[in-house]
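Q: Dumping the structure here so I can ask a few things about it.
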Amino acid sequence: MTTPLLQVENLKKYFEVPQGQLHAVDDVSFSINTGETLGVVGESGCGKSTLGRVVLHLLESTDGTIIYNGEDVTRVSASKLKNLRSKMQIIFQDPYSSLDPRMTIYQTISEPMLITKKLSREDIKKRVFELMDVVGLARRFVNAYPHELDGGRRQRIGIARALSLEPEFIVCDEPVSALDVSIQAQILNLLIDIQSEMGIAYIFITHDLSVVKHISNNIIVMYLGQIVEKVASEELFSKQIHPYTKALLSAVPVPVVDHNKERILLKGEISSPVNPKPGCRFAPRCDYARDACFAENPEFREILPEHFVKCHFAEEFV
Ligand code: SF4
């Protein structure tokens, strides 16, 4: 059996707020192999971006373990963490605000290499141009500033910068959400090409299920800080079990979804992630909720082979 590149176990991230404790990430476990992509899907506020930042240790976890290449990221020394960080990178949603407007493309892409001081200036220059070629950015833009480029090109700069230290793992946090649909496809294809060439593992975070199918090997669906369904990408699109995932999929305008199927509109209030009540967090919006759903937190169980669901009555929805 392959040892995963990243193994996350019972990860929690709670924030202290005036009303109590906000459970942004609550008992989340998953693993990713080298060169694979885990799609993380859910509405805004479900904790998916926080999860990405905690995995990279940009935010301190409250509890749980993050084993990266055999090392627990939550316990390593500062110097080791610095080394690990160069292997674990992030691409942000908004290429407009994630780039420093005062830095040229050259300065932006070369900065991480200058900080780590592992390459000579001449080698850095060579590498910047190589990276521009890899991400499909014409070399003539090397002295341009971000405001002189369109959104797609700006995201290509963000990707080149993330690749500059030869990472093994990248958290892609809604990397195409701020882009036009035609540009989205180009950036997705670029990420797929980079992965197949360099064997990089991705966590691909998105609120939009239609963009995640082709890039992901496995998908986790999050609701209020918890994983409610985890399965291979292909299977999720043909067989969703959790009522929340069914509602999300019913809204996806892609040909693989049965178009005769009616869109499921979620009613009811989203429960508060602050001091969450016992029971299923989806219960206030679930058409199938009954007494047990409000009383007990459902187990995360394997309902079909390698298909895990957090619902007391999952068997009824297969
Ligand atoms: Fe719905 Fe109950 Fe299942 Fe939660 S546990 S998803 S409320 S049926």
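Letters for chains follow the order of the structure tokens (A, B, ...), residue numbers begin at 1 for each chain, and ligand numbers begin at 1 in the order shown.
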So which residues are near ligand 1, meaning at most 8 Å away with only C-alpha atoms and all ligand atoms counted, given back as a list in words?
A: His242, Pro243, Tyr244, Gly279, Cys280, Arg281, Phe282, Ala283, Pro284, Arg285, Cys286, Asp287, Tyr288, Ala289, Arg290, Ala292, Cys293, Phe294, Asn297, Pro298, Lys310, Cys311, His312, Phe313 and Ala314 of chain A
Q: Can you build me a table of stretch 255-300 of chain A residues sitting at most 9 Å from stretch 224-234 of chain A, with the closest atom pair per residue and its distance in Å to one decimal, using only C-alpha atoms, sorted by chain and residue number, as a tab-separated table?
A:
```
residue	atom	partner	partner_atom	distance
A:Ile270	CA	A:Leu224	CA	8.4
A:Ser271	CA	A:Leu224	CA	8.0
A:Ser272	CA	A:Leu224	CA	8.1
A:Pro273	CA	A:Leu224	CA	6.2
A:Arg281	CA	A:Leu224	CA	6.9
A:Phe282	CA	A:Leu224	CA	8.2
A:Phe300	CA	A:Val228	CA	7.3
```
Q: Write to file, as an mmCIF file, in the first residue's frame, the residues of the selection just made, with all heavy atoms.
A:
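And here is the file that came out, part_28.cif:
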```cif
data_model
loop_
_atom_site.group_PDB
_atom_site.id
_atom_site.type_symbol
_atom_site.label_atom_id
_atom_site.label_comp_id
_atom_site.auth_asym_id
_atom_site.auth_seq_id
_atom_site.Cartn_x
_atom_site.Cartn_y
_atom_site.Cartn_z
ATOM 1 N N ILE A 270 -28.869 28.037 8.018
ATOM 2 C CA ILE A 270 -27.627 27.317 8.309
ATOM 3 C C ILE A 270 -27.385 27.459 9.807
ATOM 4 O O ILE A 270 -27.489 28.565 10.346
ATOM 5 C CB ILE A 270 -26.440 27.932 7.546
ATOM 6 C CG1 ILE A 270 -26.725 27.948 6.047
ATOM 7 C CG2 ILE A 270 -25.147 27.215 7.874
ATOM 8 C CD1 ILE A 270 -25.598 28.478 5.195
ATOM 9 N N SER A 271 -27.104 26.343 10.493
ATOM 10 C CA SER A 271 -26.859 26.454 11.939
ATOM 11 C C SER A 271 -25.570 27.231 12.179
ATOM 12 O O SER A 271 -24.733 27.350 11.295
ATOM 13 C CB SER A 271 -26.707 25.093 12.620
ATOM 14 O OG SER A 271 -27.189 24.073 11.849
ATOM 15 N N SER A 272 -25.420 27.708 13.398
ATOM 16 C CA SER A 272 -24.229 28.492 13.708
ATOM 17 C C SER A 272 -23.058 27.554 14.018
ATOM 18 O O SER A 272 -23.222 26.563 14.721
ATOM 19 C CB SER A 272 -24.505 29.367 14.930
ATOM 20 O OG SER A 272 -23.294 29.925 15.355
ATOM 21 N N PRO A 273 -21.870 27.892 13.484
ATOM 22 C CA PRO A 273 -20.693 27.092 13.833
ATOM 23 C C PRO A 273 -20.146 27.448 15.219
ATOM 24 O O PRO A 273 -19.171 26.872 15.676
ATOM 25 C CB PRO A 273 -19.689 27.452 12.741
ATOM 26 C CG PRO A 273 -20.095 28.809 12.270
ATOM 27 C CD PRO A 273 -21.575 28.956 12.518
ATOM 28 N N ARG A 281 -25.324 18.557 11.861
ATOM 29 C CA ARG A 281 -25.304 20.013 11.608
ATOM 30 C C ARG A 281 -26.180 20.404 10.424
ATOM 31 O O ARG A 281 -26.553 21.552 10.264
ATOM 32 C CB ARG A 281 -23.865 20.470 11.386
ATOM 33 C CG ARG A 281 -23.108 20.340 12.676
ATOM 34 C CD ARG A 281 -21.785 21.009 12.682
ATOM 35 N NE ARG A 281 -21.161 20.650 13.953
ATOM 36 C CZ ARG A 281 -19.904 20.832 14.250
ATOM 37 N NH1 ARG A 281 -19.118 21.390 13.378
ATOM 38 N NH2 ARG A 281 -19.443 20.453 15.430
ATOM 39 N N PHE A 282 -26.514 19.432 9.597
ATOM 40 C CA PHE A 282 -27.339 19.735 8.430
ATOM 41 C C PHE A 282 -28.834 19.626 8.753
ATOM 42 O O PHE A 282 -29.683 20.012 7.943
ATOM 43 C CB PHE A 282 -26.951 18.768 7.288
ATOM 44 C CG PHE A 282 -27.613 19.064 5.982
ATOM 45 C CD1 PHE A 282 -27.466 20.301 5.365
ATOM 46 C CD2 PHE A 282 -28.388 18.108 5.351
ATOM 47 C CE1 PHE A 282 -28.088 20.576 4.162
ATOM 48 C CE2 PHE A 282 -29.009 18.369 4.142
ATOM 49 C CZ PHE A 282 -28.858 19.605 3.543
ATOM 50 N N PHE A 300 -19.182 9.083 10.828
ATOM 51 C CA PHE A 300 -18.716 9.112 9.436
ATOM 52 C C PHE A 300 -18.436 7.663 9.062
ATOM 53 O O PHE A 300 -17.497 7.057 9.576
ATOM 54 C CB PHE A 300 -17.454 9.967 9.365
ATOM 55 C CG PHE A 300 -17.032 10.337 7.988
ATOM 56 C CD1 PHE A 300 -17.899 10.975 7.117
ATOM 57 C CD2 PHE A 300 -15.746 10.073 7.552
ATOM 58 C CE1 PHE A 300 -17.502 11.332 5.844
ATOM 59 C CE2 PHE A 300 -15.338 10.421 6.280
ATOM 60 C CZ PHE A 300 -16.217 11.053 5.430
#
```
Q: Measuring between only C-alpha atoms, which one of A:Asp133, A:Glu174, A:Glu60, A:Glu262 shows the shortest distance to A:Ile91?
A: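 Answer, going by the shortest atom-to-atom distance: A:Glu174.
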Q: Could you produce a table of the residues of stretch 46-142 of chain A lying within 12 Å of stretch 183-186 of chain A, with the nearest pair of atoms per residue and their separation in Å rounded to one decimal, using only C-alpha atoms, ordered by chain and increasing residue number, as CSV?
A:
```
residue,atom,partner,partner_atom,distance
A:Gln93,CA,A:Gln184,CA,11.7
A:Val135,CA,A:Gln186,CA,10.4
A:Gly136,CA,A:Gln186,CA,10.1
```
Q: Using 12 Å as the limit and counting only C-alpha atoms, can you tabulate each residue of stretch 198-304 of chain A that touches stretch 2-5 of chain A, with its shortest atom-to-atom distance in Å and the two atoms involved, as JSON lines?
A:
```
{"residue": "A:Gly199", "atom": "CA", "partner": "A:Leu5", "partner_atom": "CA", "distance": 11.4}
{"residue": "A:Ile200", "atom": "CA", "partner": "A:Leu5", "partner_atom": "CA", "distance": 10.1}
{"residue": "A:Ala201", "atom": "CA", "partner": "A:Leu5", "partner_atom": "CA", "distance": 8.1}
{"residue": "A:Tyr202", "atom": "CA", "partner": "A:Leu5", "partner_atom": "CA", "distance": 10.7}
{"residue": "A:Ile203", "atom": "CA", "partner": "A:Leu5", "partner_atom": "CA", "distance": 11.8}
```
Q: My list of candidates is A:Leu266, A:Leu188, A:Ile109, A:Val171. Which is closest to A:His57 when distances are computed with only C-alpha atoms?
A: A:Val171
Q: Would you mind telling me which residue in A:Asp180, A:Glu316, A:Asp173, A:Glu299 lies nearest to A:Gly52 when using only C-alpha atoms?
A: A:Asp173
Q: Residues within 7 Å of A:Leu6, please, as a ChimeraX atom specification. Count only C-alpha atoms; anything in the same chain fewer than 5 positions from it doesn't count.
A: /A:31-33,67-69
Q: Would you output that residue set with N, CA and C atoms, as a PDB file, in the first residue's frame?
A:
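So the final result, stored in again_11.pdb, reads:
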```pdb
ATOM      1  N   SER A  31      -6.431  11.701   3.465  1.00  0.00           N
ATOM      2  CA  SER A  31      -5.036  11.559   3.042  1.00  0.00           C
ATOM      3  C   SER A  31      -4.933  11.849   1.543  1.00  0.00           C
ATOM      4  N   ILE A  32      -3.712  12.195   1.134  1.00  0.00           N
ATOM      5  CA  ILE A  32      -3.459  12.483  -0.293  1.00  0.00           C
ATOM      6  C   ILE A  32      -2.156  11.799  -0.692  1.00  0.00           C
ATOM      7  N   ASN A  33      -2.161  11.124  -1.830  1.00  0.00           N
ATOM      8  CA  ASN A  33      -0.942  10.503  -2.352  1.00  0.00           C
ATOM      9  C   ASN A  33      -0.198  11.480  -3.263  1.00  0.00           C
ATOM     10  N   ILE A  67       0.418  14.756   9.168  1.00  0.00           N
ATOM     11  CA  ILE A  67       1.674  14.071   8.861  1.00  0.00           C
ATOM     12  C   ILE A  67       2.006  14.316   7.393  1.00  0.00           C
ATOM     13  N   TYR A  68       3.138  14.995   7.178  1.00  0.00           N
ATOM     14  CA  TYR A  68       3.572  15.270   5.816  1.00  0.00           C
ATOM     15  C   TYR A  68       4.896  14.553   5.586  1.00  0.00           C
ATOM     16  N   ASN A  69       4.936  13.655   4.634  1.00  0.00           N
ATOM     17  CA  ASN A  69       6.157  12.894   4.367  1.00  0.00           C
ATOM     18  C   ASN A  69       6.738  12.276   5.639  1.00  0.00           C
TER      19      ASN A  69
END
```
Q: Expressed in Å to a single decimal, how great is the separation between atom CA of A:Gln107 and atom CA of A:Lys87?
A: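 That distance, rounded to one decimal, is 20.4 Å.
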Q: If you count only C-alpha atoms, which residues fall within 10 Å of stretch 9-17 of chain A, apart from same-chain ones fewer than 6 positions away, as a ChimeraX atom specification?
A: /A:23-31,47,50-51,54-55,59-67,225-226,273-275
Q: Counting only C-alpha atoms, which of A:Val309, A:Leu114, A:Val212, A:Ala178 gets nearest to A:Leu191?
A: A:Val212
Q: Residues of stretch 24-159 of chain A classed as helix (DSSP H, G or I) by DSSP on the backbone are to be reported as a PDB file with C-alpha atoms, in the first residue's frame.
A:
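New file result_22.pdb:
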```pdb
ATOM      1  CA  LYS A  48     -12.624  24.709   3.522  1.00  0.00           C
ATOM      2  CA  SER A  49     -10.224  27.673   3.225  1.00  0.00           C
ATOM      3  CA  THR A  50      -9.401  27.472   6.937  1.00  0.00           C
ATOM      4  CA  LEU A  51      -8.674  23.771   6.436  1.00  0.00           C
ATOM      5  CA  GLY A  52      -6.183  24.608   3.659  1.00  0.00           C
ATOM      6  CA  ARG A  53      -4.392  27.133   5.841  1.00  0.00           C
ATOM      7  CA  VAL A  54      -4.242  24.823   8.857  1.00  0.00           C
ATOM      8  CA  VAL A  55      -2.809  21.985   6.733  1.00  0.00           C
ATOM      9  CA  ALA A  78      10.919  26.136  13.369  1.00  0.00           C
ATOM     10  CA  SER A  79      13.888  25.363  11.072  1.00  0.00           C
ATOM     11  CA  LYS A  80      12.339  22.104   9.886  1.00  0.00           C
ATOM     12  CA  LEU A  81       9.028  23.869   9.332  1.00  0.00           C
ATOM     13  CA  LYS A  82      10.814  26.416   7.141  1.00  0.00           C
ATOM     14  CA  ASN A  83      12.149  23.561   4.988  1.00  0.00           C
ATOM     15  CA  LEU A  84       8.752  21.876   4.853  1.00  0.00           C
ATOM     16  CA  ARG A  85       7.104  25.162   3.863  1.00  0.00           C
ATOM     17  CA  SER A  86       9.154  25.360   0.688  1.00  0.00           C
ATOM     18  CA  LYS A  87       7.655  21.988  -0.283  1.00  0.00           C
ATOM     19  CA  PRO A  95      -4.774  37.063  -8.215  1.00  0.00           C
ATOM     20  CA  TYR A  96      -5.472  40.807  -7.885  1.00  0.00           C
ATOM     21  CA  SER A  97      -4.887  41.034  -4.167  1.00  0.00           C
ATOM     22  CA  SER A  98      -2.398  38.196  -3.728  1.00  0.00           C
ATOM     23  CA  ILE A 105       6.661  39.911 -12.524  1.00  0.00           C
ATOM     24  CA  TYR A 106      10.381  39.179 -12.246  1.00  0.00           C
ATOM     25  CA  GLN A 107      10.519  40.360  -8.631  1.00  0.00           C
ATOM     26  CA  THR A 108       7.354  38.445  -7.708  1.00  0.00           C
ATOM     27  CA  ILE A 109       8.483  35.103  -9.117  1.00  0.00           C
ATOM     28  CA  SER A 110      12.090  35.415  -7.932  1.00  0.00           C
ATOM     29  CA  GLU A 111      11.325  36.572  -4.373  1.00  0.00           C
ATOM     30  CA  PRO A 112      10.906  33.097  -2.741  1.00  0.00           C
ATOM     31  CA  MET A 113      14.186  31.953  -4.362  1.00  0.00           C
ATOM     32  CA  LEU A 114      16.020  35.051  -3.111  1.00  0.00           C
ATOM     33  CA  ILE A 115      14.728  34.436   0.428  1.00  0.00           C
ATOM     34  CA  THR A 116      15.891  30.802   0.523  1.00  0.00           C
ATOM     35  CA  ARG A 121      21.349  35.370  -9.122  1.00  0.00           C
ATOM     36  CA  GLU A 122      22.180  34.012 -12.560  1.00  0.00           C
ATOM     37  CA  ASP A 123      20.381  30.705 -11.836  1.00  0.00           C
ATOM     38  CA  ILE A 124      17.390  32.569 -10.397  1.00  0.00           C
ATOM     39  CA  LYS A 125      17.130  34.596 -13.595  1.00  0.00           C
ATOM     40  CA  LYS A 126      17.210  31.407 -15.662  1.00  0.00           C
ATOM     41  CA  ARG A 127      14.588  29.808 -13.448  1.00  0.00           C
ATOM     42  CA  VAL A 128      12.222  32.818 -13.633  1.00  0.00           C
ATOM     43  CA  PHE A 129      12.178  32.568 -17.415  1.00  0.00           C
ATOM     44  CA  GLU A 130      11.733  28.786 -17.270  1.00  0.00           C
ATOM     45  CA  LEU A 131       8.769  29.211 -14.920  1.00  0.00           C
ATOM     46  CA  MET A 132       7.230  31.847 -17.186  1.00  0.00           C
ATOM     47  CA  ASP A 133       7.467  29.323 -20.028  1.00  0.00           C
ATOM     48  CA  VAL A 134       5.910  26.575 -17.875  1.00  0.00           C
ATOM     49  CA  ARG A 139       8.762  36.548 -21.519  1.00  0.00           C
ATOM     50  CA  ARG A 140       8.066  40.095 -22.715  1.00  0.00           C
ATOM     51  CA  PHE A 141       5.989  40.606 -19.538  1.00  0.00           C
ATOM     52  CA  PRO A 146       0.372  43.133 -12.082  1.00  0.00           C
ATOM     53  CA  HIS A 147      -2.039  45.960 -13.012  1.00  0.00           C
ATOM     54  CA  GLU A 148      -0.785  45.823 -16.600  1.00  0.00           C
ATOM     55  CA  GLY A 151      -6.792  38.181 -14.461  1.00  0.00           C
ATOM     56  CA  GLY A 152      -5.687  34.983 -16.219  1.00  0.00           C
ATOM     57  CA  ARG A 153      -2.110  36.204 -16.612  1.00  0.00           C
ATOM     58  CA  ARG A 154      -2.056  37.364 -13.000  1.00  0.00           C
ATOM     59  CA  GLN A 155      -3.106  33.904 -11.862  1.00  0.00           C
ATOM     60  CA  ARG A 156      -0.328  32.433 -14.013  1.00  0.00           C
ATOM     61  CA  ILE A 157       2.128  34.617 -12.063  1.00  0.00           C
ATOM     62  CA  GLY A 158       0.693  33.264  -8.790  1.00  0.00           C
ATOM     63  CA  ILE A 159       1.201  29.724 -10.078  1.00  0.00           C
TER      64      ILE A 159
END
```
Q: Choose the residue, out of A:Asp208, A:Ala160, A:Glu235, A:Ala295, that has the smallest atom-to-atom separation from A:Ile194; count only C-alpha atoms.
A: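 Closest candidate: A:Ala160.
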Q: Counting only C-alpha atoms, which of A:Cys46, A:Leu163, A:Val73, A:Leu209 gets nearest to A:Ile90?
A: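 Among the listed residues, A:Leu163 lies closest to A:Ile90.
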Q: May I have all residues of stretch 73-316 of chain A that DSSP, computed from the backbone, assigns to strand (DSSP E), given as a PyMOL selection string?
A: chain A and resi 88-91+169-173+201-206+218-223+226-232+300-304+307-310
Q: Mind writing the picked residues with N, CA, C and O atoms as a tab-separated table (two decimals), in the first residue's frame?
A:
```
chain	number	residue	atom	x	y	z
A	88	MET	N	5.55	22.96	0.49
A	88	MET	CA	4.09	23.07	0.59
A	88	MET	C	3.70	24.51	0.27
A	88	MET	O	4.03	25.41	1.02
A	89	GLN	N	3.03	24.72	-0.84
A	89	GLN	CA	2.75	26.08	-1.28
A	89	GLN	C	1.24	26.31	-1.41
A	89	GLN	O	0.45	25.38	-1.30
A	90	ILE	N	0.88	27.57	-1.69
A	90	ILE	CA	-0.54	27.91	-1.84
A	90	ILE	C	-0.74	28.82	-3.05
A	90	ILE	O	0.12	29.66	-3.35
A	91	ILE	N	-1.84	28.61	-3.75
A	91	ILE	CA	-2.26	29.53	-4.82
A	91	ILE	C	-3.58	30.12	-4.35
A	91	ILE	O	-4.51	29.38	-3.99
A	169	PHE	N	3.59	19.76	-2.98
A	169	PHE	CA	2.18	19.83	-2.58
A	169	PHE	C	1.72	21.29	-2.64
A	169	PHE	O	2.41	22.18	-2.15
A	170	ILE	N	0.56	21.53	-3.25
A	170	ILE	CA	0.04	22.90	-3.33
A	170	ILE	C	-1.43	22.92	-2.91
A	170	ILE	O	-2.22	22.09	-3.38
A	171	VAL	N	-1.78	23.86	-2.05
A	171	VAL	CA	-3.19	24.12	-1.76
A	171	VAL	C	-3.66	25.17	-2.76
A	171	VAL	O	-3.13	26.28	-2.79
A	172	CYS	N	-4.62	24.78	-3.60
A	172	CYS	CA	-5.18	25.72	-4.59
A	172	CYS	C	-6.51	26.19	-4.00
A	172	CYS	O	-7.48	25.44	-3.98
A	173	ASP	N	-6.51	27.43	-3.48
A	173	ASP	CA	-7.70	27.92	-2.78
A	173	ASP	C	-8.57	28.73	-3.73
A	173	ASP	O	-8.31	29.90	-3.97
A	201	ALA	N	1.11	17.07	-5.66
A	201	ALA	CA	-0.22	16.78	-5.10
A	201	ALA	C	-0.95	18.10	-4.84
A	201	ALA	O	-0.31	19.08	-4.44
A	202	TYR	N	-2.25	18.12	-5.08
A	202	TYR	CA	-3.03	19.33	-4.83
A	202	TYR	C	-4.16	19.07	-3.83
A	202	TYR	O	-4.78	17.99	-3.88
A	203	ILE	N	-4.45	20.07	-3.01
A	203	ILE	CA	-5.79	20.18	-2.41
A	203	ILE	C	-6.44	21.28	-3.22
A	203	ILE	O	-5.90	22.39	-3.33
A	204	PHE	N	-7.57	20.97	-3.85
A	204	PHE	CA	-8.23	21.94	-4.72
A	204	PHE	C	-9.54	22.36	-4.06
A	204	PHE	O	-10.50	21.60	-4.02
A	205	ILE	N	-9.55	23.58	-3.52
A	205	ILE	CA	-10.70	24.06	-2.75
A	205	ILE	C	-11.62	24.86	-3.67
A	205	ILE	O	-11.16	25.75	-4.39
A	206	THR	N	-12.90	24.55	-3.63
A	206	THR	CA	-13.84	25.31	-4.47
A	206	THR	C	-15.27	25.22	-3.92
A	206	THR	O	-15.61	24.26	-3.23
A	218	ASN	N	-10.11	12.32	-5.69
A	218	ASN	CA	-11.12	12.13	-4.65
A	218	ASN	C	-11.71	13.48	-4.28
A	218	ASN	O	-11.06	14.51	-4.46
A	219	ILE	N	-12.91	13.44	-3.73
A	219	ILE	CA	-13.56	14.69	-3.32
A	219	ILE	C	-14.08	14.54	-1.91
A	219	ILE	O	-14.63	13.49	-1.55
A	220	ILE	N	-13.90	15.59	-1.10
A	220	ILE	CA	-14.61	15.63	0.18
A	220	ILE	C	-15.58	16.81	0.14
A	220	ILE	O	-15.28	17.86	-0.40
A	221	VAL	N	-16.77	16.56	0.66
A	221	VAL	CA	-17.80	17.61	0.73
A	221	VAL	C	-17.87	18.05	2.18
A	221	VAL	O	-18.03	17.22	3.09
A	222	MET	N	-17.72	19.37	2.40
A	222	MET	CA	-17.73	19.87	3.79
A	222	MET	C	-19.00	20.67	4.07
A	222	MET	O	-19.52	21.38	3.21
A	223	TYR	N	-19.49	20.50	5.30
A	223	TYR	CA	-20.63	21.30	5.75
A	223	TYR	C	-20.36	21.72	7.19
A	223	TYR	O	-20.11	20.87	8.05
A	226	GLN	N	-17.31	20.14	8.98
A	226	GLN	CA	-17.16	18.68	9.01
A	226	GLN	C	-17.25	18.10	7.59
A	226	GLN	O	-17.92	18.68	6.73
A	227	ILE	N	-16.60	16.95	7.41
A	227	ILE	CA	-16.76	16.25	6.12
A	227	ILE	C	-18.05	15.45	6.18
A	227	ILE	O	-18.25	14.67	7.12
A	228	VAL	N	-18.93	15.65	5.21
A	228	VAL	CA	-20.18	14.88	5.21
A	228	VAL	C	-20.15	13.74	4.18
A	228	VAL	O	-20.91	12.80	4.27
A	229	GLU	N	-19.26	13.85	3.18
A	229	GLU	CA	-19.15	12.76	2.21
A	229	GLU	C	-17.73	12.76	1.63
A	229	GLU	O	-17.15	13.83	1.38
A	230	LYS	N	-17.18	11.57	1.43
A	230	LYS	CA	-15.82	11.44	0.87
A	230	LYS	C	-15.83	10.26	-0.09
A	230	LYS	O	-16.19	9.14	0.30
A	231	VAL	N	-15.41	10.48	-1.32
A	231	VAL	CA	-15.49	9.42	-2.33
A	231	VAL	C	-14.63	9.78	-3.54
A	231	VAL	O	-14.23	10.95	-3.70
A	232	ALA	N	-14.37	8.78	-4.42
A	232	ALA	CA	-13.66	9.06	-5.67
A	232	ALA	C	-14.49	10.03	-6.51
A	232	ALA	O	-15.73	9.94	-6.52
A	300	PHE	N	-19.18	9.08	10.83
A	300	PHE	CA	-18.72	9.11	9.44
A	300	PHE	C	-18.44	7.66	9.06
A	300	PHE	O	-17.50	7.06	9.58
A	301	ARG	N	-19.30	7.06	8.20
A	301	ARG	CA	-19.23	5.60	8.00
A	301	ARG	C	-19.02	5.25	6.53
A	301	ARG	O	-19.44	5.99	5.63
A	302	GLU	N	-18.41	4.07	6.32
A	302	GLU	CA	-18.22	3.58	4.95
A	302	GLU	C	-19.52	2.89	4.53
A	302	GLU	O	-19.86	1.82	5.03
A	303	ILE	N	-20.24	3.51	3.62
A	303	ILE	CA	-21.57	3.00	3.23
A	303	ILE	C	-21.45	2.08	2.02
A	303	ILE	O	-22.11	1.06	1.92
A	304	LEU	N	-20.57	2.47	1.07
A	304	LEU	CA	-20.21	1.60	-0.06
A	304	LEU	C	-18.68	1.53	-0.03
A	304	LEU	O	-18.05	2.35	0.65
A	307	HIS	N	-16.54	4.70	0.05
A	307	HIS	CA	-17.51	5.80	-0.05
A	307	HIS	C	-18.06	6.07	1.37
A	307	HIS	O	-18.83	5.27	1.90
A	308	PHE	N	-17.61	7.18	1.95
A	308	PHE	CA	-17.90	7.48	3.35
A	308	PHE	C	-18.94	8.60	3.46
A	308	PHE	O	-18.87	9.59	2.72
A	309	VAL	N	-19.86	8.44	4.40
A	309	VAL	CA	-20.95	9.41	4.53
A	309	VAL	C	-21.25	9.63	6.01
A	309	VAL	O	-21.20	8.69	6.81
A	310	LYS	N	-21.55	10.90	6.34
A	310	LYS	CA	-21.88	11.24	7.73
A	310	LYS	C	-23.39	11.49	7.81
A	310	LYS	O	-23.85	12.63	7.66
```
